[in-house]
file model27.pdb (PDB, C-alpha atoms, pLDDT in the B column)
MODEL        1
ATOM      1  CA  MET A 204     -83.892 -36.086 -67.698  1.00 30.00           C
ATOM      2  CA  ILE A 205     -82.170 -39.068 -69.280  1.00 32.00           C
ATOM      3  CA  LEU A 206     -83.366 -39.472 -72.854  1.00 30.00           C
ATOM      4  CA  SER A 207     -83.187 -43.255 -72.776  1.00 34.00           C
ATOM      5  CA  MET A 208     -85.668 -43.384 -69.902  1.00 41.00           C
ATOM      6  CA  SER A 209     -88.960 -44.855 -71.078  1.00 46.00           C
ATOM      7  CA  ILE A 210     -92.151 -42.835 -70.732  1.00 48.00           C
ATOM      8  CA  ALA A 211     -93.531 -45.416 -68.292  1.00 46.00           C
ATOM      9  CA  GLN A 212     -90.668 -44.713 -65.899  1.00 58.00           C
ATOM     10  CA  LEU A 213     -91.755 -41.068 -65.627  1.00 86.00           C
ATOM     11  CA  PHE A 214     -94.900 -42.116 -63.777  1.00 95.00           C
ATOM     12  CA  GLN A 215     -95.608 -44.495 -60.937  1.00 96.00           C
ATOM     13  CA  ALA A 216     -99.057 -45.062 -62.499  1.00 97.00           C
ATOM     14  CA  LYS A 217    -101.155 -43.901 -65.417  1.00 97.00           C
ATOM     15  CA  MET A 218    -104.868 -43.857 -64.699  1.00 97.00           C
ATOM     16  CA  ARG A 219    -107.882 -43.458 -66.961  1.00 96.00           C
ATOM     17  CA  THR A 220    -110.260 -40.689 -65.864  1.00 96.00           C
ATOM     18  CA  PRO A 221    -113.569 -39.425 -67.291  1.00 95.00           C
ATOM     19  CA  PHE A 222    -111.611 -36.915 -69.412  1.00 93.00           C
ATOM     20  CA  GLY A 223    -108.474 -38.863 -70.366  1.00 93.00           C
ATOM     21  CA  VAL A 224    -105.424 -40.374 -68.737  1.00 95.00           C
ATOM     22  CA  VAL A 225    -103.421 -38.835 -65.907  1.00 96.00           C
ATOM     23  CA  GLY A 226     -99.896 -39.718 -64.865  1.00 96.00           C
ATOM     24  CA  ILE A 227     -99.156 -40.037 -61.164  1.00 97.00           C
ATOM     25  CA  HIS A 228     -95.810 -38.914 -59.708  1.00 96.00           C
ATOM     26  CA  THR A 229     -94.754 -39.919 -56.193  1.00 96.00           C
ATOM     27  CA  ALA A 230     -91.619 -39.911 -54.076  1.00 94.00           C
ATOM     28  CA  GLU A 231     -91.171 -41.707 -50.787  1.00 91.00           C
ATOM     29  CA  GLU A 232     -94.869 -42.230 -49.978  1.00 95.00           C
ATOM     30  CA  THR A 233     -95.739 -38.656 -50.984  1.00 97.00           C
ATOM     31  CA  LEU A 234     -97.752 -37.454 -53.975  1.00 98.00           C
ATOM     32  CA  THR A 235     -95.640 -35.002 -55.965  1.00 97.00           C
ATOM     33  CA  GLY A 236     -97.607 -34.595 -59.175  1.00 97.00           C
ATOM     34  CA  ILE A 237    -100.572 -35.329 -61.376  1.00 97.00           C
ATOM     35  CA  THR A 238    -100.042 -34.786 -65.104  1.00 95.00           C
ATOM     36  CA  PHE A 239    -102.822 -34.626 -67.701  1.00 93.00           C
ATOM     37  CA  LEU A 240    -101.600 -36.735 -70.616  1.00 92.00           C
ATOM     38  CA  VAL A 241    -102.579 -36.079 -74.216  1.00 84.00           C
ATOM     39  CA  GLY A 242    -103.149 -38.494 -77.065  1.00 81.00           C
ATOM     40  CA  GLU A 243    -103.614 -42.206 -76.830  1.00 83.00           C
ATOM     41  CA  GLN A 244    -102.205 -43.452 -73.554  1.00 88.00           C
ATOM     42  CA  GLU A 245    -102.041 -46.889 -72.062  1.00 92.00           C
ATOM     43  CA  GLU A 246    -102.852 -47.279 -68.395  1.00 94.00           C
ATOM     44  CA  LEU A 247     -99.971 -48.227 -66.118  1.00 95.00           C
ATOM     45  CA  ALA A 248    -100.716 -50.214 -62.973  1.00 96.00           C
ATOM     46  CA  PRO A 249     -99.678 -48.585 -59.683  1.00 96.00           C
ATOM     47  CA  ALA A 250     -96.038 -49.236 -58.832  1.00 90.00           C
ATOM     48  CA  ASP A 251     -96.684 -49.874 -55.120  1.00 96.00           C
ATOM     49  CA  SER A 252     -99.337 -49.761 -52.389  1.00 97.00           C
ATOM     50  CA  PHE A 253     -99.038 -45.992 -51.880  1.00 98.00           C
ATOM     51  CA  VAL A 254     -99.569 -45.288 -55.582  1.00 98.00           C
ATOM     52  CA  PHE A 255    -102.503 -47.717 -55.503  1.00 98.00           C
ATOM     53  CA  GLU A 256    -103.970 -45.606 -52.675  1.00 98.00           C
ATOM     54  CA  VAL A 257    -103.507 -42.418 -54.713  1.00 98.00           C
ATOM     55  CA  CYS A 258    -105.351 -44.008 -57.642  1.00 98.00           C
ATOM     56  CA  SER A 259    -108.078 -45.341 -55.338  1.00 98.00           C
ATOM     57  CA  GLN A 260    -108.663 -41.913 -53.839  1.00 98.00           C
ATOM     58  CA  LEU A 261    -108.783 -40.273 -57.277  1.00 98.00           C
ATOM     59  CA  ALA A 262    -111.312 -42.911 -58.404  1.00 98.00           C
ATOM     60  CA  ALA A 263    -113.396 -42.192 -55.281  1.00 98.00           C
ATOM     61  CA  TYR A 264    -113.387 -38.468 -56.161  1.00 98.00           C
ATOM     62  CA  PHE A 265    -114.466 -39.208 -59.741  1.00 98.00           C
ATOM     63  CA  ALA A 266    -117.339 -41.302 -58.366  1.00 98.00           C
ATOM     64  CA  ASP A 267    -118.306 -38.675 -55.758  1.00 97.00           C
ATOM     65  CA  ALA A 268    -116.902 -35.145 -55.823  1.00 97.00           C
ATOM     66  CA  SER A 269    -117.480 -34.741 -52.086  1.00 97.00           C
ATOM     67  CA  PHE A 270    -114.823 -37.380 -51.366  1.00 97.00           C
ATOM     68  CA  GLN A 271    -112.154 -35.950 -49.037  1.00 96.00           C
ATOM     69  CA  PHE A 272    -108.587 -36.685 -50.115  1.00 98.00           C
ATOM     70  CA  ASP A 273    -106.221 -37.829 -47.392  1.00 97.00           C
ATOM     71  CA  LEU A 274    -102.800 -38.061 -48.981  1.00 98.00           C
ATOM     72  CA  PRO A 275     -99.410 -36.621 -48.056  1.00 98.00           C
ATOM     73  CA  LEU A 276     -98.525 -33.997 -50.671  1.00 97.00           C
ATOM     74  CA  LYS A 277     -95.214 -32.437 -51.601  1.00 96.00           C
ATOM     75  CA  LEU A 278     -95.818 -29.069 -53.208  1.00 95.00           C
ATOM     76  CA  ASP A 279     -92.504 -27.709 -54.416  1.00 93.00           C
ATOM     77  CA  GLY A 280     -92.855 -24.054 -55.297  1.00 95.00           C
ATOM     78  CA  THR A 281     -92.064 -20.517 -54.284  1.00 97.00           C
ATOM     79  CA  VAL A 282     -93.488 -18.974 -51.132  1.00 97.00           C
ATOM     80  CA  HIS A 283     -96.020 -17.119 -53.307  1.00 98.00           C
ATOM     81  CA  GLN A 284     -97.065 -20.259 -55.202  1.00 98.00           C
ATOM     82  CA  ARG A 285     -97.583 -22.191 -51.969  1.00 97.00           C
ATOM     83  CA  LYS A 286     -99.689 -19.312 -50.622  1.00 98.00           C
ATOM     84  CA  VAL A 287    -101.880 -19.420 -53.754  1.00 98.00           C
ATOM     85  CA  TRP A 288    -102.169 -23.215 -53.623  1.00 98.00           C
ATOM     86  CA  GLN A 289    -103.207 -23.082 -49.960  1.00 97.00           C
ATOM     87  CA  ALA A 290    -105.835 -20.440 -50.739  1.00 98.00           C
ATOM     88  CA  MET A 291    -107.188 -22.590 -53.591  1.00 97.00           C
ATOM     89  CA  CYS A 292    -107.637 -25.480 -51.169  1.00 97.00           C
ATOM     90  CA  GLU A 293    -109.912 -23.258 -49.088  1.00 97.00           C
ATOM     91  CA  ILE A 294    -112.372 -22.619 -51.950  1.00 98.00           C
ATOM     92  CA  PRO A 295    -115.419 -24.743 -51.060  1.00 97.00           C
ATOM     93  CA  LEU A 296    -116.472 -27.647 -53.242  1.00 96.00           C
ATOM     94  CA  GLY A 297    -118.853 -26.546 -56.001  1.00 96.00           C
ATOM     95  CA  GLN A 298    -117.771 -22.916 -55.825  1.00 97.00           C
ATOM     96  CA  VAL A 299    -115.329 -20.784 -57.770  1.00 97.00           C
ATOM     97  CA  GLN A 300    -113.283 -17.703 -57.031  1.00 97.00           C
ATOM     98  CA  THR A 301    -111.839 -15.254 -59.534  1.00 98.00           C
ATOM     99  CA  TYR A 302    -108.132 -14.701 -59.980  1.00 97.00           C
ATOM    100  CA  GLY A 303    -108.701 -11.110 -58.803  1.00 97.00           C
ATOM    101  CA  ALA A 304    -110.616 -12.078 -55.656  1.00 97.00           C
ATOM    102  CA  LEU A 305    -107.997 -14.663 -54.719  1.00 98.00           C
ATOM    103  CA  ALA A 306    -105.261 -12.082 -55.389  1.00 98.00           C
ATOM    104  CA  LYS A 307    -106.920  -9.572 -53.026  1.00 98.00           C
ATOM    105  CA  LEU A 308    -107.245 -12.248 -50.366  1.00 97.00           C
ATOM    106  CA  ILE A 309    -103.511 -13.022 -50.379  1.00 97.00           C
ATOM    107  CA  LEU A 310    -102.287  -9.509 -51.294  1.00 97.00           C
ATOM    108  CA  SER A 311    -101.075 -10.440 -54.751  1.00 97.00           C
ATOM    109  CA  SER A 312    -102.020  -9.699 -58.364  1.00 97.00           C
ATOM    110  CA  PRO A 313    -104.425 -11.624 -60.611  1.00 97.00           C
ATOM    111  CA  ARG A 314    -101.640 -12.391 -63.111  1.00 96.00           C
ATOM    112  CA  ALA A 315     -99.380 -13.815 -60.374  1.00 97.00           C
ATOM    113  CA  VAL A 316    -102.268 -15.922 -59.078  1.00 98.00           C
ATOM    114  CA  GLY A 317    -102.905 -17.211 -62.607  1.00 96.00           C
ATOM    115  CA  GLN A 318     -99.247 -18.150 -63.014  1.00 97.00           C
ATOM    116  CA  ALA A 319     -99.290 -20.040 -59.708  1.00 97.00           C
ATOM    117  CA  CYS A 320    -102.509 -21.822 -60.719  1.00 97.00           C
ATOM    118  CA  GLY A 321    -100.893 -22.938 -63.969  1.00 96.00           C
ATOM    119  CA  ASN A 322     -97.821 -24.189 -62.083  1.00 97.00           C
ATOM    120  CA  ASN A 323     -99.863 -26.282 -59.633  1.00 97.00           C
ATOM    121  CA  PRO A 324     -98.157 -29.704 -59.636  1.00 97.00           C
ATOM    122  CA  ILE A 325    -101.107 -31.556 -58.100  1.00 98.00           C
ATOM    123  CA  PRO A 326    -104.271 -30.447 -59.928  1.00 97.00           C
ATOM    124  CA  ILE A 327    -107.613 -31.961 -58.932  1.00 98.00           C
ATOM    125  CA  ILE A 328    -106.467 -32.421 -55.314  1.00 98.00           C
ATOM    126  CA  VAL A 329    -105.177 -28.840 -55.140  1.00 98.00           C
ATOM    127  CA  PRO A 330    -108.229 -27.445 -56.962  1.00 98.00           C
ATOM    128  CA  CYS A 331    -106.829 -24.856 -59.386  1.00 97.00           C
ATOM    129  CA  HIS A 332    -109.884 -25.558 -61.567  1.00 97.00           C
ATOM    130  CA  ARG A 333    -111.950 -23.570 -59.020  1.00 98.00           C
ATOM    131  CA  VAL A 334    -110.167 -20.342 -59.975  1.00 98.00           C
ATOM    132  CA  VAL A 335    -111.741 -18.523 -62.924  1.00 97.00           C
ATOM    133  CA  SER A 336    -111.456 -15.195 -64.695  1.00 95.00           C
ATOM    134  CA  GLN A 337    -113.848 -12.303 -64.157  1.00 93.00           C
ATOM    135  CA  SER A 338    -115.313 -12.907 -67.619  1.00 92.00           C
ATOM    136  CA  GLY A 339    -115.351 -16.705 -67.886  1.00 90.00           C
ATOM    137  CA  LEU A 340    -113.288 -19.798 -67.284  1.00 93.00           C
ATOM    138  CA  GLY A 341    -109.855 -18.280 -67.718  1.00 93.00           C
ATOM    139  CA  GLY A 342    -107.176 -20.849 -68.486  1.00 92.00           C
ATOM    140  CA  PHE A 343    -106.135 -24.224 -67.192  1.00 93.00           C
ATOM    141  CA  MET A 344    -102.594 -25.646 -67.046  1.00 90.00           C
ATOM    142  CA  HIS A 345    -101.250 -22.459 -68.707  1.00 90.00           C
ATOM    143  CA  ARG A 346    -103.541 -23.187 -71.661  1.00 90.00           C
ATOM    144  CA  ALA A 347    -106.845 -21.910 -72.994  1.00 88.00           C
ATOM    145  CA  ASP A 348    -107.444 -24.492 -75.725  1.00 88.00           C
ATOM    146  CA  ASP A 349    -110.506 -26.737 -75.832  1.00 90.00           C
ATOM    147  CA  GLY A 350    -108.631 -29.746 -74.464  1.00 89.00           C
ATOM    148  CA  ALA A 351    -107.556 -27.964 -71.286  1.00 92.00           C
ATOM    149  CA  LEU A 352    -110.785 -26.024 -70.824  1.00 94.00           C
ATOM    150  CA  ASN A 353    -112.913 -29.140 -71.351  1.00 95.00           C
ATOM    151  CA  ILE A 354    -111.132 -30.758 -68.393  1.00 95.00           C
ATOM    152  CA  LYS A 355    -111.735 -27.634 -66.271  1.00 97.00           C
ATOM    153  CA  LYS A 356    -115.423 -27.578 -67.314  1.00 97.00           C
ATOM    154  CA  TRP A 357    -115.795 -31.269 -66.469  1.00 97.00           C
ATOM    155  CA  LEU A 358    -114.244 -30.842 -63.013  1.00 97.00           C
ATOM    156  CA  LEU A 359    -116.432 -27.828 -62.207  1.00 97.00           C
ATOM    157  CA  ALA A 360    -119.608 -29.555 -63.422  1.00 97.00           C
ATOM    158  CA  HIS A 361    -118.707 -32.699 -61.472  1.00 98.00           C
ATOM    159  CA  GLU A 362    -118.308 -30.676 -58.275  1.00 97.00           C
ATOM    160  CA  ARG A 363    -121.615 -28.861 -58.770  1.00 95.00           C
ATOM    161  CA  ARG A 364    -123.669 -32.076 -59.027  1.00 87.00           C
TER     162      ARG A 364
ENDMDL
END

call {"tool": "encode", "arguments": {"input": "model27.pdb", "output": "structure tokens"}}
result
Amino acid sequence: MILSMSIAQLFQAKMRTPFGVVGIHTAEETLTGITFLVGEQEELAPADSFVFEVCSQLAAYFADASFQFDLPLKLDGTVHQRKVWQAMCEIPLGQVQTYGALAKLILSSPRAVGQACGNNPIPIIVPCHRVVSQSGLGGFMHRADDGALNIKKWLLAHERR
């Protein structure tokens, strides 16, 4: 990364959500990432019509969790990560699956599933928040602090309404 690049140039939009601001990454009419931003963040208007569509679909999901996303995604990752991300997309809305159960389903280990969940570049749309530990929430974004877990709790509660 070039150090002189401004923070705004890292995102094609920054959007306020019920739990904070997210940064939107796209490339060639494809969604490549959603980043949860910390601290005070200014919104950044969508850079083009595709990014506007991404933001519109996210807003529709925040208004109604049953909204079905229809966006081209680019999920760069290992074969194992992509297998985990695909399996997460098959967890029904309003339900959760444990790291262990998902691991059994794809012939992996709970720890490897957890690592892939934490490396998910497109959270919310690829619903890593639906994967929990046997004894509770587990982590979110490779973190287990209140900030990360409060986002996970919000997403799960939103989908159960």

call {"tool": "residues_around", "arguments": {"input": "model27.pdb", "residues": "A:Gly317", "least_positions_apart": "4", "cutoff": "12 Å", "atoms": "all atoms listed in the file", "output": "number ranges by chain"}}
result
A: 283-284, 287-288, 291, 300-306, 311-313, 321-323, 331-336, 340-346

call {"tool": "residues_around", "arguments": {"input": "model27.pdb", "residues": "A:Ile237", "least_positions_apart": "6", "cutoff": "6 Å", "atoms": "only C-alpha atoms", "output": "list in words"}}
result
Gly226, Ile227 and Ile325 of chain A

call {"tool": "axis_aligned_box", "arguments": {"input": "model27.pdb", "around": "stretch 311-323 of chain A", "padding_each_side": "6 Å", "output": "AutoDock Vina command-line options"}}
result
--center_x -101.1 --center_y -18.0 --center_z -59.4 --size_x 18.6 --size_y 28.6 --size_z 21.2

call {"tool": "atom_distance", "arguments": {"input": "model27.pdb", "atom1": "atom CA of A:Val282", "atom2": "atom CA of A:Thr235"}}
result
16.9 Å

call {"tool": "closest_atom_pairs", "arguments": {"input": "model27.pdb", "of": "stretch 321-341 of chain A", "to": "stretch 255-272 of chain A", "cutoff": "10 Å", "atoms": "only C-alpha atoms", "output": "JSON lines"}}
result
{"residue": "A:Ile327", "atom": "CA", "partner": "A:Leu261", "partner_atom": "CA", "distance": 8.6}
{"residue": "A:Ile328", "atom": "CA", "partner": "A:Phe272", "partner_atom": "CA", "distance": 7.1}
{"residue": "A:Val329", "atom": "CA", "partner": "A:Phe272", "partner_atom": "CA", "distance": 9.9}

call {"tool": "atom_distance", "arguments": {"input": "model27.pdb", "atom1": "atom CA of A:His228", "atom2": "atom CA of A:Lys355"}}
result
20.6 Å

call {"tool": "atom_distance", "arguments": {"input": "model27.pdb", "atom1": "atom CA of A:Ala250", "atom2": "atom CA of A:Lys217"}}
result
9.9 Å

call {"tool": "closest_residue", "arguments": {"input": "model27.pdb", "among": "A:Leu247, A:Val241, A:Leu310, A:Val316", "to": "A:Leu213", "atoms": "only C-alpha atoms"}}
result
A:Leu247

call {"tool": "closest_residue", "arguments": {"input": "model27.pdb", "among": "A:Ala216, A:Leu359, A:Leu352, A:Leu276", "to": "A:Gly297", "atoms": "all atoms listed in the file"}}
result
A:Leu359

call {"tool": "residues_near_point", "arguments": {"input": "model27.pdb", "point": "(-104.2, -31.6, -77.6)", "cutoff": "10 Å", "atoms": "only C-alpha atoms", "output": "list in words"}}
result
Leu240, Val241, Gly242, Asp348, Asp349, Gly350 and Ala351 of chain A

call {"tool": "write_last_selection", "arguments": {"input": "model27.pdb", "atoms": "C-alpha atoms", "output": "PDB file, keeping the file's coordinate frame"}}
result
ATOM      1  CA  LEU A 240    -101.600 -36.735 -70.616  1.00 92.00           C
ATOM      2  CA  VAL A 241    -102.579 -36.079 -74.216  1.00 84.00           C
ATOM      3  CA  GLY A 242    -103.149 -38.494 -77.065  1.00 81.00           C
ATOM      4  CA  ASP A 348    -107.444 -24.492 -75.725  1.00 88.00           C
ATOM      5  CA  ASP A 349    -110.506 -26.737 -75.832  1.00 90.00           C
ATOM      6  CA  GLY A 350    -108.631 -29.746 -74.464  1.00 89.00           C
ATOM      7  CA  ALA A 351    -107.556 -27.964 -71.286  1.00 92.00           C
TER       8      ALA A 351
END

call {"tool": "closest_residue", "arguments": {"input": "model27.pdb", "among": "A:Ala360, A:Leu234, A:Ala290, A:Met218", "to": "A:Pro324", "atoms": "only C-alpha atoms"}}
result
A:Leu234

call {"tool": "closest_residue", "arguments": {"input": "model27.pdb", "among": "A:Gln215, A:His361, A:Val224, A:Thr238", "to": "A:Ser252", "atoms": "all atoms listed in the file"}}
result
A:Gln215

call {"tool": "closest_residue", "arguments": {"input": "model27.pdb", "among": "A:Ile309, A:Leu296, A:Leu274, A:Ala248", "to": "A:Thr233", "atoms": "only C-alpha atoms"}}
result
A:Leu274

call {"tool": "residues_around", "arguments": {"input": "model27.pdb", "residues": "A:Arg219", "least_positions_apart": "6", "cutoff": "9 Å", "atoms": "all atoms listed in the file", "output": "PyMOL selection string"}}
result
chain A and resi 225+244-246
